[in-house]
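Below you'll find the structure, written out as structure tokens, and then a few comments.
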Amino acid sequence: MTQHVRDIMTSRLVTVEPQASVTAVAQKMRDEDIGIVLVTEGDDLRGLVSDRDLVVRALAEGGDPDERTVASACSDDLVTVTPDEDLDHAVELMREHSVRRLPVVEEGHAVGVISIGDLAIERDARSALGDISAAKPNL
């Protein structure tokens, strides 16, 4: 039976506006215990920022993270999928573009995110990545 992106995507989204500070976004990630935040303008998806993006594109560049906006650190050349796409297609896109997460969009609006962790849990929960991805975080 064909599985679709909607079957395993995370639909709980955390978003910020492009002008949010790097510090505010990092705090939101900490408080929500997440590794990515979607950057939106109104209802429109504009980018995605990961914890790694914050370090490599913002903090490593120097400057005041309270003054620097997330727009300067986010990925805005996004590869996306729709909820009705086949999971195999999502895997192909992740491989082709070397990404760990794909925003799920309908008519330009974010409705979810699918990650390699989600895929690992679904496809091989007993694998190391599946096991780690399913585990509750140690805070």
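In the structure tokens, the first chain shown is A, the next is B, and so on; residue numbers restart at 1 for each chain, and ligands run from 1 in the order shown.
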
Requested in this report: Determine which residues of segment 58-103 of chain A DSSP labels as alpha helix (DSSP H) from the backbone of this structure, then write them out as a list of chain:residue names.
Outcome: A:Leu87, A:Asp88, A:His89, A:Ala90, A:Val91, A:Glu92, A:Leu93, A:Met94, A:Arg95, A:Glu96, A:His97

Based on the selection just made, write N, CA and C atoms of those residues as a PDB file, in the first residue's frame.
```pdb
ATOM      1  N   LEU A  87       5.574   8.849  -0.201  1.00  0.00           N
ATOM      2  CA  LEU A  87       6.748   8.911   0.693  1.00  0.00           C
ATOM      3  C   LEU A  87       8.041   8.629  -0.049  1.00  0.00           C
ATOM      4  N   ASP A  88       8.009   7.723  -1.012  1.00  0.00           N
ATOM      5  CA  ASP A  88       9.224   7.418  -1.777  1.00  0.00           C
ATOM      6  C   ASP A  88       9.741   8.657  -2.501  1.00  0.00           C
ATOM      7  N   HIS A  89       8.841   9.496  -2.968  1.00  0.00           N
ATOM      8  CA  HIS A  89       9.255  10.736  -3.631  1.00  0.00           C
ATOM      9  C   HIS A  89       9.924  11.679  -2.624  1.00  0.00           C
ATOM     10  N   ALA A  90       9.391  11.755  -1.420  1.00  0.00           N
ATOM     11  CA  ALA A  90      10.002  12.589  -0.378  1.00  0.00           C
ATOM     12  C   ALA A  90      11.423  12.107  -0.078  1.00  0.00           C
ATOM     13  N   VAL A  91      11.602  10.802   0.001  1.00  0.00           N
ATOM     14  CA  VAL A  91      12.936  10.232   0.240  1.00  0.00           C
ATOM     15  C   VAL A  91      13.881  10.597  -0.901  1.00  0.00           C
ATOM     16  N   GLU A  92      13.406  10.472  -2.126  1.00  0.00           N
ATOM     17  CA  GLU A  92      14.234  10.839  -3.289  1.00  0.00           C
ATOM     18  C   GLU A  92      14.664  12.301  -3.222  1.00  0.00           C
ATOM     19  N   LEU A  93      13.747  13.181  -2.871  1.00  0.00           N
ATOM     20  CA  LEU A  93      14.076  14.606  -2.777  1.00  0.00           C
ATOM     21  C   LEU A  93      15.103  14.866  -1.676  1.00  0.00           C
ATOM     22  N   MET A  94      14.942  14.200  -0.544  1.00  0.00           N
ATOM     23  CA  MET A  94      15.904  14.376   0.550  1.00  0.00           C
ATOM     24  C   MET A  94      17.298  13.932   0.111  1.00  0.00           C
ATOM     25  N   ARG A  95      17.370  12.811  -0.573  1.00  0.00           N
ATOM     26  CA  ARG A  95      18.662  12.322  -1.071  1.00  0.00           C
ATOM     27  C   ARG A  95      19.251  13.280  -2.103  1.00  0.00           C
ATOM     28  N   GLU A  96      18.445  13.640  -3.076  1.00  0.00           N
ATOM     29  CA  GLU A  96      18.901  14.485  -4.177  1.00  0.00           C
ATOM     30  C   GLU A  96      19.409  15.845  -3.703  1.00  0.00           C
ATOM     31  N   HIS A  97      18.735  16.406  -2.703  1.00  0.00           N
ATOM     32  CA  HIS A  97      19.085  17.751  -2.236  1.00  0.00           C
ATOM     33  C   HIS A  97      19.871  17.743  -0.925  1.00  0.00           C
TER      34      HIS A  97
END
```

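Considering the residues A:Thr2, A:Ser50, A:Thr69, A:Thr80 and counting only C-alpha atoms, Ile34 of chain A has its shortest atom-to-atom contact with A:Ser50.
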
Requested in this report: Please provide the set of residues having any atom within 10 Å of segment 54-66 of chain A, restricted to only C-alpha atoms, with same-chain residues fewer than 4 positions apart removed, written as a PyMOL selection string.
Outcome: chain A and resi 20-26+36+49-50+70-75

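Our summary of the geometry notes that atom CA of Glu41 of chain A is positioned 8.2 Å from atom CA of Val16 of chain A.
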
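If you measure from each of A:Met9, A:Gly108, A:Ile116, A:Pro103 to Val37 of chain A using only C-alpha atoms, the closest one turns out to be A:Pro103.
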
Report summary line: One decimal place gives the atom CA of His4 of chain A-atom CA of Val81 of chain A separation as 10.3 Å

Query raised in the report: Between atom CA of Arg52 of chain A and atom CA of Val104 of chain A, what is the spacing in Å?
Result: 20.3 Å

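Counting only C-alpha atoms, the residue from A:Gln3, A:Thr82, A:Ser98, A:Gln27 that sits nearest to Leu119 of chain A is A:Gln3.
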
Query raised in the report: If you run DSSP on this backbone, which residues of chain A come out as strand (DSSP E), and could you give them as a ChimeraX atom specification?
Result: /A:15-16,36-41,44-50,101-106,109-115

Take the residues just selected and output them with N, CA, C and O atoms as an mmCIF file, in the first residue's frame.
```cif
data_model
loop_
_atom_site.group_PDB
_atom_site.id
_atom_site.type_symbol
_atom_site.label_atom_id
_atom_site.label_comp_id
_atom_site.auth_asym_id
_atom_site.auth_seq_id
_atom_site.Cartn_x
_atom_site.Cartn_y
_atom_site.Cartn_z
ATOM 1 N N THR A 15 6.505 28.603 13.999
ATOM 2 C CA THR A 15 6.868 29.582 12.982
ATOM 3 C C THR A 15 7.334 30.882 13.617
ATOM 4 O O THR A 15 6.995 31.189 14.768
ATOM 5 N N VAL A 16 8.103 31.630 12.839
ATOM 6 C CA VAL A 16 8.535 32.975 13.228
ATOM 7 C C VAL A 16 8.480 33.867 11.994
ATOM 8 O O VAL A 16 8.517 33.386 10.866
ATOM 9 N N ILE A 36 14.142 22.848 14.226
ATOM 10 C CA ILE A 36 13.866 23.750 13.106
ATOM 11 C C ILE A 36 12.658 24.619 13.418
ATOM 12 O O ILE A 36 11.789 24.241 14.207
ATOM 13 N N VAL A 37 12.645 25.762 12.770
ATOM 14 C CA VAL A 37 11.510 26.678 12.837
ATOM 15 C C VAL A 37 11.240 27.131 11.406
ATOM 16 O O VAL A 37 12.175 27.393 10.643
ATOM 17 N N LEU A 38 9.976 27.197 11.042
ATOM 18 C CA LEU A 38 9.612 27.703 9.724
ATOM 19 C C LEU A 38 9.514 29.221 9.777
ATOM 20 O O LEU A 38 8.989 29.783 10.736
ATOM 21 N N VAL A 39 10.029 29.860 8.753
ATOM 22 C CA VAL A 39 9.979 31.322 8.661
ATOM 23 C C VAL A 39 8.827 31.659 7.731
ATOM 24 O O VAL A 39 8.816 31.245 6.562
ATOM 25 N N THR A 40 7.852 32.369 8.266
ATOM 26 C CA THR A 40 6.656 32.702 7.505
ATOM 27 C C THR A 40 6.398 34.199 7.527
ATOM 28 O O THR A 40 6.792 34.893 8.462
ATOM 29 N N GLU A 41 5.748 34.649 6.473
ATOM 30 C CA GLU A 41 5.270 36.018 6.396
ATOM 31 C C GLU A 41 3.766 35.915 6.207
ATOM 32 O O GLU A 41 3.309 35.460 5.155
ATOM 33 N N ASP A 44 2.321 32.724 4.412
ATOM 34 C CA ASP A 44 3.204 32.231 3.355
ATOM 35 C C ASP A 44 4.550 31.771 3.897
ATOM 36 O O ASP A 44 5.194 32.485 4.671
ATOM 37 N N LEU A 45 4.970 30.589 3.488
ATOM 38 C CA LEU A 45 6.260 30.037 3.878
ATOM 39 C C LEU A 45 7.369 30.774 3.138
ATOM 40 O O LEU A 45 7.352 30.859 1.915
ATOM 41 N N ARG A 46 8.321 31.317 3.872
ATOM 42 C CA ARG A 46 9.432 32.059 3.285
ATOM 43 C C ARG A 46 10.778 31.367 3.461
ATOM 44 O O ARG A 46 11.712 31.631 2.733
ATOM 45 N N GLY A 47 10.879 30.490 4.458
ATOM 46 C CA GLY A 47 12.155 29.824 4.691
ATOM 47 C C GLY A 47 12.070 28.848 5.842
ATOM 48 O O GLY A 47 11.013 28.641 6.432
ATOM 49 N N LEU A 48 13.205 28.259 6.142
ATOM 50 C CA LEU A 48 13.332 27.305 7.227
ATOM 51 C C LEU A 48 14.674 27.577 7.887
ATOM 52 O O LEU A 48 15.667 27.816 7.188
ATOM 53 N N VAL A 49 14.705 27.569 9.198
ATOM 54 C CA VAL A 49 15.972 27.747 9.901
ATOM 55 C C VAL A 49 16.154 26.593 10.887
ATOM 56 O O VAL A 49 15.237 26.249 11.623
ATOM 57 N N SER A 50 17.322 25.988 10.831
ATOM 58 C CA SER A 50 17.644 24.894 11.746
ATOM 59 C C SER A 50 18.596 25.403 12.814
ATOM 60 O O SER A 50 19.183 26.483 12.686
ATOM 61 N N ARG A 101 15.141 17.556 6.324
ATOM 62 C CA ARG A 101 13.744 17.897 6.586
ATOM 63 C C ARG A 101 13.147 18.566 5.354
ATOM 64 O O ARG A 101 13.823 19.335 4.675
ATOM 65 N N LEU A 102 11.881 18.293 5.122
ATOM 66 C CA LEU A 102 11.162 18.930 4.027
ATOM 67 C C LEU A 102 9.896 19.582 4.574
ATOM 68 O O LEU A 102 9.089 18.908 5.231
ATOM 69 N N PRO A 103 9.696 20.867 4.309
ATOM 70 C CA PRO A 103 8.410 21.467 4.646
ATOM 71 C C PRO A 103 7.321 20.860 3.755
ATOM 72 O O PRO A 103 7.555 20.552 2.586
ATOM 73 N N VAL A 104 6.159 20.672 4.334
ATOM 74 C CA VAL A 104 5.012 20.156 3.604
ATOM 75 C C VAL A 104 4.074 21.337 3.384
ATOM 76 O O VAL A 104 3.680 22.012 4.348
ATOM 77 N N VAL A 105 3.748 21.606 2.115
ATOM 78 C CA VAL A 105 2.949 22.792 1.800
ATOM 79 C C VAL A 105 1.729 22.436 0.968
ATOM 80 O O VAL A 105 1.737 21.479 0.203
ATOM 81 N N GLU A 106 0.700 23.234 1.166
ATOM 82 C CA GLU A 106 -0.491 23.211 0.325
ATOM 83 C C GLU A 106 -0.778 24.647 -0.068
ATOM 84 O O GLU A 106 -0.926 25.509 0.814
ATOM 85 N N HIS A 109 1.195 27.387 1.610
ATOM 86 C CA HIS A 109 1.094 27.485 3.063
ATOM 87 C C HIS A 109 1.638 26.217 3.721
ATOM 88 O O HIS A 109 1.292 25.101 3.314
ATOM 89 N N ALA A 110 2.468 26.399 4.728
ATOM 90 C CA ALA A 110 3.034 25.251 5.441
ATOM 91 C C ALA A 110 1.944 24.544 6.237
ATOM 92 O O ALA A 110 1.160 25.184 6.943
ATOM 93 N N VAL A 111 1.909 23.216 6.106
ATOM 94 C CA VAL A 111 0.957 22.409 6.856
ATOM 95 C C VAL A 111 1.654 21.313 7.654
ATOM 96 O O VAL A 111 1.018 20.608 8.432
ATOM 97 N N GLY A 112 2.972 21.178 7.460
ATOM 98 C CA GLY A 112 3.692 20.145 8.176
ATOM 99 C C GLY A 112 5.162 20.132 7.811
ATOM 100 O O GLY A 112 5.634 20.956 7.024
ATOM 101 N N VAL A 113 5.860 19.185 8.414
ATOM 102 C CA VAL A 113 7.278 18.955 8.139
ATOM 103 C C VAL A 113 7.490 17.447 8.186
ATOM 104 O O VAL A 113 6.900 16.757 9.022
ATOM 105 N N ILE A 114 8.317 16.950 7.284
ATOM 106 C CA ILE A 114 8.704 15.547 7.322
ATOM 107 C C ILE A 114 10.222 15.493 7.461
ATOM 108 O O ILE A 114 10.939 16.253 6.811
ATOM 109 N N SER A 115 10.705 14.632 8.345
ATOM 110 C CA SER A 115 12.141 14.554 8.613
ATOM 111 C C SER A 115 12.658 13.138 8.384
ATOM 112 O O SER A 115 11.878 12.180 8.312
#
```
